[in-house]
Structure formats: C-alpha cells, structure tokens
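Note: the block below is run-v2.cif and it holds mmCIF, C-alpha atoms.
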data_upload
loop_
_atom_site.label_atom_id
_atom_site.label_comp_id
_atom_site.auth_asym_id
_atom_site.auth_seq_id
_atom_site.Cartn_x
_atom_site.Cartn_y
_atom_site.Cartn_z
CA MET A 92 -16.20 -6.31 -7.15
CA ASN A 93 -15.22 -9.62 -8.71
CA GLY A 94 -11.51 -10.23 -8.40
CA LEU A 95 -8.66 -7.82 -8.45
CA PRO A 96 -7.56 -6.28 -11.74
CA THR A 97 -3.99 -5.87 -12.84
CA LEU A 98 -3.14 -2.18 -12.86
CA VAL A 99 -0.35 -0.74 -14.97
CA THR A 100 2.08 2.08 -14.25
CA PRO A 101 5.08 3.14 -16.35
CA ARG A 102 7.41 0.63 -14.63
CA LEU A 103 5.14 -1.72 -12.68
CA LEU A 104 2.36 -4.24 -12.89
CA LEU A 105 0.12 -4.20 -9.83
CA ARG A 106 -1.48 -7.63 -9.72
CA PRO A 107 -3.16 -9.98 -7.25
CA PHE A 108 -0.86 -12.03 -5.03
CA GLN A 109 -0.35 -15.67 -5.98
CA ARG A 110 0.76 -18.61 -3.87
CA ARG A 111 4.14 -18.67 -5.65
CA ASP A 112 4.81 -15.18 -4.23
CA ARG A 113 5.21 -16.62 -0.72
CA TYR A 114 9.00 -16.87 -1.06
CA ASP A 115 9.36 -13.19 -1.96
CA VAL A 116 6.83 -12.14 0.69
CA GLN A 117 8.77 -14.11 3.31
CA ARG A 118 12.12 -12.70 2.14
CA ILE A 119 10.92 -9.07 2.16
CA LEU A 120 8.90 -9.15 5.39
CA SER A 121 11.77 -10.92 7.18
CA ASN A 122 14.01 -7.96 6.50
CA PRO A 123 14.50 -5.96 9.73
CA GLN A 124 14.45 -2.67 7.77
CA VAL A 125 10.98 -3.47 6.44
CA ASN A 126 9.69 -4.87 9.70
CA ALA A 127 10.76 -1.71 11.53
CA THR A 128 8.20 0.27 9.52
CA LEU A 129 5.23 -2.10 9.93
CA LEU A 130 2.81 -3.10 12.67
CA ASP A 131 1.65 -6.62 13.46
CA ILE A 132 4.27 -8.54 11.46
CA PRO A 133 5.68 -11.48 13.43
CA VAL A 134 9.42 -11.71 13.97
CA PRO A 135 10.84 -13.94 12.67
CA PHE A 136 8.55 -14.05 9.61
CA SER A 137 8.48 -17.64 8.34
CA LEU A 138 7.36 -19.18 5.06
CA ASP A 139 4.24 -20.39 6.91
CA HIS A 140 3.56 -16.77 7.92
CA ALA A 141 3.94 -15.74 4.28
CA GLU A 142 1.45 -18.37 3.13
CA LEU A 143 -1.04 -17.27 5.79
CA TRP A 144 -0.49 -13.61 4.87
CA ILE A 145 -1.21 -14.31 1.18
CA GLN A 146 -4.31 -16.35 2.05
CA ALA A 147 -5.60 -13.58 4.36
CA ALA A 148 -4.93 -11.01 1.62
CA ARG A 149 -6.86 -13.08 -0.91
CA ASP A 150 -9.72 -13.67 1.55
CA GLY A 151 -9.92 -9.94 2.32
CA MET A 152 -10.05 -9.17 -1.39
CA ARG A 153 -12.85 -11.72 -1.98
CA GLN A 154 -14.82 -10.13 0.86
CA GLY A 155 -14.28 -6.67 -0.61
CA ILE A 156 -12.50 -5.46 2.54
CA VAL A 157 -8.94 -4.99 1.34
CA PHE A 158 -7.37 -4.95 -2.11
CA PRO A 159 -3.70 -6.00 -1.91
CA PHE A 160 -1.60 -5.54 -5.04
CA ALA A 161 1.75 -7.25 -5.63
CA LEU A 162 4.20 -4.68 -7.03
CA VAL A 163 5.98 -6.39 -9.91
CA LEU A 164 8.61 -4.93 -12.24
CA LYS A 165 7.40 -4.97 -15.83
CA ARG A 166 10.90 -5.58 -17.21
CA ASP A 167 11.61 -8.84 -15.39
CA GLY A 168 8.58 -9.87 -13.28
CA TRP A 169 10.46 -9.40 -9.99
CA LEU A 170 8.17 -8.89 -6.98
CA LEU A 171 9.22 -5.72 -5.13
CA GLY A 172 6.55 -5.45 -2.45
CA CYS A 173 2.91 -4.68 -1.77
CA ALA A 174 0.52 -1.75 -1.83
CA ASP A 175 -3.07 -2.09 -0.72
CA ILE A 176 -6.21 -0.16 -0.04
CA GLU A 177 -8.41 -1.23 2.87
CA LEU A 178 -12.02 -0.12 2.67
CA GLN A 179 -14.02 1.43 5.45
CA ALA A 180 -17.36 1.24 3.66
CA ASP A 181 -19.37 2.91 6.43
CA HIS A 182 -17.40 6.08 5.79
CA ASN A 183 -16.76 5.58 2.04
CA ARG A 184 -13.01 5.85 2.52
CA GLY A 185 -9.92 3.76 1.94
CA ASP A 186 -6.68 3.40 3.89
CA ILE A 187 -3.52 3.00 1.78
CA ALA A 188 -0.58 0.97 3.07
CA TYR A 189 2.58 -0.41 1.46
CA TRP A 190 5.91 -2.13 1.95
CA LEU A 191 8.86 -2.57 -0.37
CA ASP A 192 12.10 -4.54 -0.64
CA PRO A 193 14.83 -2.17 0.68
CA ALA A 194 16.94 -2.88 -2.41
CA TYR A 195 14.39 -0.73 -4.30
CA TRP A 196 13.89 2.07 -1.76
CA GLY A 197 14.37 5.61 -2.99
CA GLN A 198 13.59 4.84 -6.65
CA GLY A 199 9.96 6.04 -6.73
CA TYR A 200 8.31 2.63 -7.09
CA THR A 201 6.10 2.97 -4.03
CA SER A 202 4.95 6.48 -4.98
CA GLU A 203 4.16 5.22 -8.49
CA ALA A 204 2.12 2.31 -7.14
CA ALA A 205 0.35 4.35 -4.45
CA SER A 206 -0.67 7.02 -6.99
CA ARG A 207 -2.18 4.38 -9.27
CA ILE A 208 -4.06 2.66 -6.43
CA ILE A 209 -5.40 5.99 -5.19
CA ASP A 210 -6.73 6.73 -8.69
CA TRP A 211 -8.24 3.24 -8.86
CA GLY A 212 -9.89 3.73 -5.46
CA PHE A 213 -11.60 6.92 -6.59
CA GLU A 214 -12.43 5.61 -10.09
CA GLN A 215 -13.52 2.03 -9.43
CA LEU A 216 -14.41 1.92 -5.74
CA GLU A 217 -16.00 5.39 -5.92
CA LEU A 218 -14.44 6.42 -2.64
CA HIS A 219 -14.98 9.83 -1.13
CA ARG A 220 -11.67 9.88 0.77
CA VAL A 221 -8.32 8.10 0.72
CA TYR A 222 -5.82 8.39 3.56
CA ALA A 223 -2.64 6.84 4.88
CA GLN A 224 -0.62 6.96 8.05
CA CYS A 225 3.01 6.39 8.92
CA LEU A 226 5.29 6.48 11.90
CA HIS A 227 6.39 10.07 12.43
CA SER A 228 9.99 8.88 12.26
CA ASN A 229 9.45 7.31 8.81
CA ILE A 230 10.36 10.28 6.62
CA ALA A 231 10.57 8.12 3.47
CA SER A 232 6.99 6.91 3.89
CA ALA A 233 5.78 10.47 4.42
CA LYS A 234 7.51 11.41 1.16
CA VAL A 235 5.71 8.56 -0.65
CA MET A 236 2.38 9.90 0.59
CA GLN A 237 3.21 13.42 -0.55
CA ASN A 238 4.43 12.18 -3.95
CA ALA A 239 1.17 10.22 -4.34
CA GLY A 240 -0.82 13.43 -3.86
CA LEU A 241 -1.87 13.08 -0.23
CA THR A 242 -1.77 16.13 2.04
CA HIS A 243 -0.52 16.14 5.63
CA GLU A 244 -3.55 16.41 7.91
CA ALA A 245 -2.54 15.42 11.41
CA PHE A 246 0.20 14.51 13.84
CA GLN A 247 -0.90 12.16 16.60
CA ARG A 248 1.37 11.90 19.59
CA GLN A 249 1.85 8.39 21.05
CA SER A 250 -1.00 7.03 18.92
CA ILE A 251 0.14 3.43 18.42
CA ILE A 252 2.17 0.79 20.20
CA LYS A 253 5.06 -0.80 18.31
CA ASP A 254 7.56 -3.11 19.94
CA GLY A 255 6.09 -2.23 23.34
CA GLN A 256 6.58 1.52 22.90
CA PHE A 257 4.11 4.29 22.17
CA MET A 258 4.89 5.89 18.82
CA ASP A 259 3.82 9.10 17.08
CA ILE A 260 2.15 8.97 13.68
CA ASP A 261 1.37 11.33 10.82
CA ILE A 262 -1.85 11.13 8.81
CA TYR A 263 -2.12 12.15 5.15
CA GLY A 264 -5.32 12.33 3.13
CA LEU A 265 -7.08 13.25 -0.09
CA THR A 266 -10.78 13.84 -0.72
CA ARG A 267 -12.60 13.23 -3.99
CA ASP A 268 -12.95 16.96 -4.75
CA MET A 269 -9.19 17.49 -4.21
CA TRP A 270 -8.42 14.47 -6.42
CA GLU A 271 -10.76 15.68 -9.18
CA ALA A 272 -9.23 19.17 -9.10
CA ARG A 273 -5.75 17.68 -9.40
CA ARG A 274 -6.82 15.51 -12.35
CA ARG A 275 -8.30 18.48 -14.18
CA LYS A 276 -4.92 20.20 -13.92
CA ASP A 277 -2.87 17.10 -14.80
CA PRO A 278 -4.84 14.36 -16.62
CA PRO A 279 -3.45 10.87 -15.85
CA ALA A 280 -2.11 8.27 -18.21
CA THR A 281 -4.58 5.40 -18.30
CA GLY A 282 -3.92 1.73 -17.77
CA ILE A 283 -5.89 -0.96 -16.03
#
Turn the structure described in the file into structure tokens.
Amino acid sequence: MNGLPTLVTPRLLLRPFQRRDRYDVQRILSNPQVNATLLDIPVPFSLDHAELWIQAARDGMRQGIVFPFALVLKRDGWLLGCADIELQADHNRGDIAYWLDPAYWGQGYTSEAASRIIDWGFEQLELHRVYAQCLHSNIASAKVMQNAGLTHEAFQRQSIIKDGQFMDIDIYGLTRDMWEARRRKDPPATGI
C-alpha cells in the first residue's frame, strides 16, 4: 500500500501524522491519565520522544507494518489522539490500538474512529480478523471495543507487565464473516 489515506467519519478526519503534530502528541502522551492506559510510553514524554514516535509511526506505515491515523476534528482541525491498526501478515489479522486526549473522553470519538479503521482493515487490507486488547481495569476502552463491533473473546490473568506489576487483560475480536454479516444488516456510510 502506498501511503496512508485520509478516512472520514461524521465528526473526524483520520489522516497520517505530520511533523507539526509533535506538540499535540507530546501534550497528550504526557498526560498521566493517558499514560496509565498505555504500555511502553516513557515518563516523562518529551518533545524529542514525540518526534521519534511520529517518525517510527511513519516508518511503520511505509513498511506496511502499522497504519497510525491522527484523529482530527473536522470542525476545527484539532488533533484529539491516535488510532492505528498493526498488521500481523502471517495470520492475516490486525491489532487495533488507540489513545485520546482526556478532554474528549466519553464523547464517542474513539469508537467512531475505531469502527472506521476496522472497516478499512477489512475493505482495503483484506484482513481475515481484527482484534484489540485492553487492561481489564480499563472499562472505557472495553466499551470502545464493543461500540466498534468487537466481541469479548478472552480474559487473560496477569498477561502483561505495566509499571513493574502483572496486569490482567481482555481481548476483543471480529472475523471477516462476522463483519460481513453485520454490514449486511446495517450498511455503512462511505468515506475515504
């Protein structure tokens, strides 16, 4: 795939990250509320970290490994966060992940973005399966996954280490046949 398209949802543009986004990336990922939900984000998260993060995201996209979308409000161009899909080509599946500025939590933006990226993964990447995982304690993230059409599949006790502690996770997923059945019942609005 050459480049990352800009996807459209009712309220958002999902576009490739640009160097100018480093200030917003640094501001959001420095927030302790956001950092508490993520793995492998340095604390404190500096502007240099943000520049490296954007470069790694762009490199991953060029290599066809991960497709990171900046979540931008249509009405004013404000960057709210990120949603991405990381490919596991050997298994024809994609792993969805996301983070969002806490000022916009609880307003449905992440569910809206995740739903669009899931559709794009099945349509354009021709995936067989899409899945996501979250800390068991992160009820809001689990709700995003459910709103995006993923089904709870597993609970894994003490599956990851975060901040030196073993943590439980939940796994949600959707297969192509489930996605196609859902689309037959509720055809999507288009927009790429």
For this session: I would like the residues chosen by the PyMOL selection byres ((chain A and resi 156) around 9) on the shown file; could you give them as a ChimeraX atom specification?
Result: /A:150-155,157-158,176-180
Export C-alpha atoms of the chosen residues as a compact mmCIF listing (two decimals), keeping the file's coordinate frame?
# COMPACT_ATOMS: atom_id res chain seq x y z
CA ASP A 150 -9.72 -13.67 1.55
CA GLY A 151 -9.92 -9.94 2.32
CA MET A 152 -10.05 -9.17 -1.39
CA ARG A 153 -12.85 -11.72 -1.98
CA GLN A 154 -14.82 -10.13 0.86
CA GLY A 155 -14.28 -6.67 -0.61
CA VAL A 157 -8.94 -4.99 1.34
CA PHE A 158 -7.37 -4.95 -2.11
CA ILE A 176 -6.21 -0.16 -0.04
CA GLU A 177 -8.41 -1.23 2.87
CA LEU A 178 -12.02 -0.12 2.67
CA GLN A 179 -14.02 1.43 5.45
CA ALA A 180 -17.36 1.24 3.66
Using all atoms listed in the file, find each residue of region 157-181 of chain A with at least one atom at most 9 Å away from an atom of region 188-209 of chain A; report its shortest atom-to-atom pair and that distance in Å (one decimal), sort the rows by chain and rising residue number, and return the result as CSV.
residue,atom,partner,partner_atom,distance
A:Phe160,CA,A:Ile208,CA,8.7
A:Leu162,CA,A:Ala204,CA,7.3
A:Leu170,CA,A:Asp192,CA,8.6
A:Leu171,CA,A:Asp192,CA,5.5
A:Gly172,CA,A:Leu191,CA,4.2
A:Cys173,CA,A:Tyr189,CA,5.4
A:Ala174,CA,A:Tyr189,CA,4.1
A:Asp175,CA,A:Ala188,CA,5.5
A:Ile176,CA,A:Ala188,CA,6.5
A:Glu177,CA,A:Ala188,CA,8.1
For this session: Step by step: start from the point (-6.6, 9.3, -11.8) in the file's coordinates, keep every protein, DNA or RNA residue that has an atom no farther than 12 Å from it, count all atoms listed in the file, and write the set as number ranges by chain.
Result: A: 100, 203, 205-215, 217, 239-240, 267, 269-283
Exercise. Hey, what comes out of the PyMOL selection byres ((chain A and resi 117) around 9) on this file? Could you write it as a ChimeraX atom specification?
Worked result: /A:112-116,118-122,136-142
Dump as a short mmCIF file (atom, residue, chain, number, x, y, z; two decimals), keeping the file's coordinate frame, selection limited to C-alpha atoms:
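out-v4.cif written:
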data_model
loop_
_atom_site.label_atom_id
_atom_site.label_comp_id
_atom_site.auth_asym_id
_atom_site.auth_seq_id
_atom_site.Cartn_x
_atom_site.Cartn_y
_atom_site.Cartn_z
CA ASP A 112 4.81 -15.18 -4.23
CA ARG A 113 5.21 -16.62 -0.72
CA TYR A 114 9.00 -16.87 -1.06
CA ASP A 115 9.36 -13.19 -1.96
CA VAL A 116 6.83 -12.14 0.69
CA ARG A 118 12.12 -12.70 2.14
CA ILE A 119 10.92 -9.07 2.16
CA LEU A 120 8.90 -9.15 5.39
CA SER A 121 11.77 -10.92 7.18
CA ASN A 122 14.01 -7.96 6.50
CA PHE A 136 8.55 -14.05 9.61
CA SER A 137 8.48 -17.64 8.34
CA LEU A 138 7.36 -19.18 5.06
CA ASP A 139 4.24 -20.39 6.91
CA HIS A 140 3.56 -16.77 7.92
CA ALA A 141 3.94 -15.74 4.28
CA GLU A 142 1.45 -18.37 3.13
#
Put a box with edges along x, y and z around all the listed atoms of region 172-185 of chain A, pad it by 3 Å on each side, then give me its centre and sizes in Å, one decimal, as AutoDock Vina command-line options.
--center_x -6.4 --center_y 0.3 --center_z 2.0 --size_x 31.9 --size_y 17.5 --size_z 14.9
For this session: May I have the residues within 12 Å of Gln237 (chain A) as a PyMOL selection string, using only C-alpha atoms and disregarding those fewer than 4 positions away in the same chain?
Result: chain A and resi 199+201-203+205-206+222-225+230-233+241-244+261-265
Please supply region 231-242 of chain A, rebuilt with all heavy atoms, as a JSON list (two decimals), keeping the file's coordinate frame.
[["chain", "number", "residue", "atom", "x", "y", "z"],
["A", 231, "ALA", "N", 10.72, 8.65, 4.84],
["A", 231, "ALA", "CA", 10.57, 8.12, 3.47],
["A", 231, "ALA", "C", 9.12, 7.80, 3.17],
["A", 231, "ALA", "O", 8.63, 8.08, 2.06],
["A", 231, "ALA", "CB", 11.45, 6.88, 3.30],
["A", 232, "SER", "N", 8.40, 7.22, 4.11],
["A", 232, "SER", "CA", 6.99, 6.91, 3.89],
["A", 232, "SER", "C", 6.16, 8.18, 3.75],
["A", 232, "SER", "O", 5.26, 8.27, 2.91],
["A", 232, "SER", "CB", 6.44, 6.04, 5.02],
["A", 232, "SER", "OG", 5.13, 5.61, 4.73],
["A", 233, "ALA", "N", 6.47, 9.18, 4.55],
["A", 233, "ALA", "CA", 5.78, 10.47, 4.42],
["A", 233, "ALA", "C", 6.00, 11.06, 3.03],
["A", 233, "ALA", "O", 5.07, 11.60, 2.42],
["A", 233, "ALA", "CB", 6.26, 11.44, 5.49],
["A", 234, "LYS", "N", 7.20, 10.91, 2.50],
["A", 234, "LYS", "CA", 7.51, 11.41, 1.16],
["A", 234, "LYS", "C", 6.70, 10.65, 0.10],
["A", 234, "LYS", "O", 6.21, 11.25, -0.86],
["A", 234, "LYS", "CB", 9.01, 11.28, 0.90],
["A", 234, "LYS", "CG", 9.47, 11.86, -0.38],
["A", 234, "LYS", "CD", 9.49, 13.37, -0.30],
["A", 234, "LYS", "CE", 10.18, 13.94, -1.53],
["A", 234, "LYS", "NZ", 9.91, 15.35, -1.68],
["A", 235, "VAL", "N", 6.54, 9.34, 0.27],
["A", 235, "VAL", "CA", 5.71, 8.56, -0.65],
["A", 235, "VAL", "C", 4.29, 9.12, -0.67],
["A", 235, "VAL", "O", 3.70, 9.33, -1.74],
["A", 235, "VAL", "CB", 5.69, 7.06, -0.26],
["A", 235, "VAL", "CG1", 4.58, 6.31, -0.99],
["A", 235, "VAL", "CG2", 7.04, 6.42, -0.53],
["A", 236, "MET", "N", 3.74, 9.39, 0.50],
["A", 236, "MET", "CA", 2.38, 9.90, 0.59],
["A", 236, "MET", "C", 2.26, 11.25, -0.11],
["A", 236, "MET", "O", 1.30, 11.49, -0.85],
["A", 236, "MET", "CB", 1.97, 10.01, 2.05],
["A", 236, "MET", "CG", 1.84, 8.66, 2.72],
["A", 236, "MET", "SD", 1.50, 8.84, 4.49],
["A", 236, "MET", "CE", 1.93, 7.21, 5.06],
["A", 237, "GLN", "N", 3.23, 12.11, 0.10],
["A", 237, "GLN", "CA", 3.21, 13.42, -0.55],
["A", 237, "GLN", "C", 3.34, 13.27, -2.07],
["A", 237, "GLN", "O", 2.61, 13.92, -2.83],
["A", 237, "GLN", "CB", 4.33, 14.30, 0.00],
["A", 237, "GLN", "CG", 4.14, 14.66, 1.45],
["A", 237, "GLN", "CD", 5.42, 15.20, 2.09],
["A", 237, "GLN", "OE1", 6.43, 15.42, 1.45],
["A", 237, "GLN", "NE2", 5.36, 15.40, 3.39],
["A", 238, "ASN", "N", 4.25, 12.40, -2.51],
["A", 238, "ASN", "CA", 4.43, 12.18, -3.95],
["A", 238, "ASN", "C", 3.18, 11.59, -4.60],
["A", 238, "ASN", "O", 2.92, 11.82, -5.78],
["A", 238, "ASN", "CB", 5.61, 11.25, -4.22],
["A", 238, "ASN", "CG", 6.94, 11.90, -3.93],
["A", 238, "ASN", "OD1", 7.05, 13.11, -3.83],
["A", 238, "ASN", "ND2", 7.97, 11.06, -3.76],
["A", 239, "ALA", "N", 2.40, 10.83, -3.83],
["A", 239, "ALA", "CA", 1.17, 10.22, -4.34],
["A", 239, "ALA", "C", -0.01, 11.19, -4.31],
["A", 239, "ALA", "O", -1.11, 10.83, -4.71],
["A", 239, "ALA", "CB", 0.85, 8.96, -3.54],
["A", 240, "GLY", "N", 0.23, 12.41, -3.83],
["A", 240, "GLY", "CA", -0.82, 13.43, -3.86],
["A", 240, "GLY", "C", -1.59, 13.62, -2.58],
["A", 240, "GLY", "O", -2.54, 14.40, -2.53],
["A", 241, "LEU", "N", -1.19, 12.92, -1.51],
["A", 241, "LEU", "CA", -1.87, 13.08, -0.23],
["A", 241, "LEU", "C", -1.31, 14.31, 0.50],
["A", 241, "LEU", "O", -0.14, 14.66, 0.33],
["A", 241, "LEU", "CB", -1.69, 11.83, 0.63],
["A", 241, "LEU", "CG", -2.19, 10.51, 0.03],
["A", 241, "LEU", "CD1", -1.90, 9.36, 0.96],
["A", 241, "LEU", "CD2", -3.66, 10.57, -0.30],
["A", 242, "THR", "N", -2.14, 14.93, 1.30],
["A", 242, "THR", "CA", -1.77, 16.13, 2.04],
["A", 242, "THR", "C", -1.68, 15.82, 3.53],
["A", 242, "THR", "O", -2.54, 15.10, 4.07],
["A", 242, "THR", "CB", -2.85, 17.23, 1.83],
["A", 242, "THR", "OG1", -2.94, 17.49, 0.43],
["A", 242, "THR", "CG2", -2.51, 18.50, 2.57]]
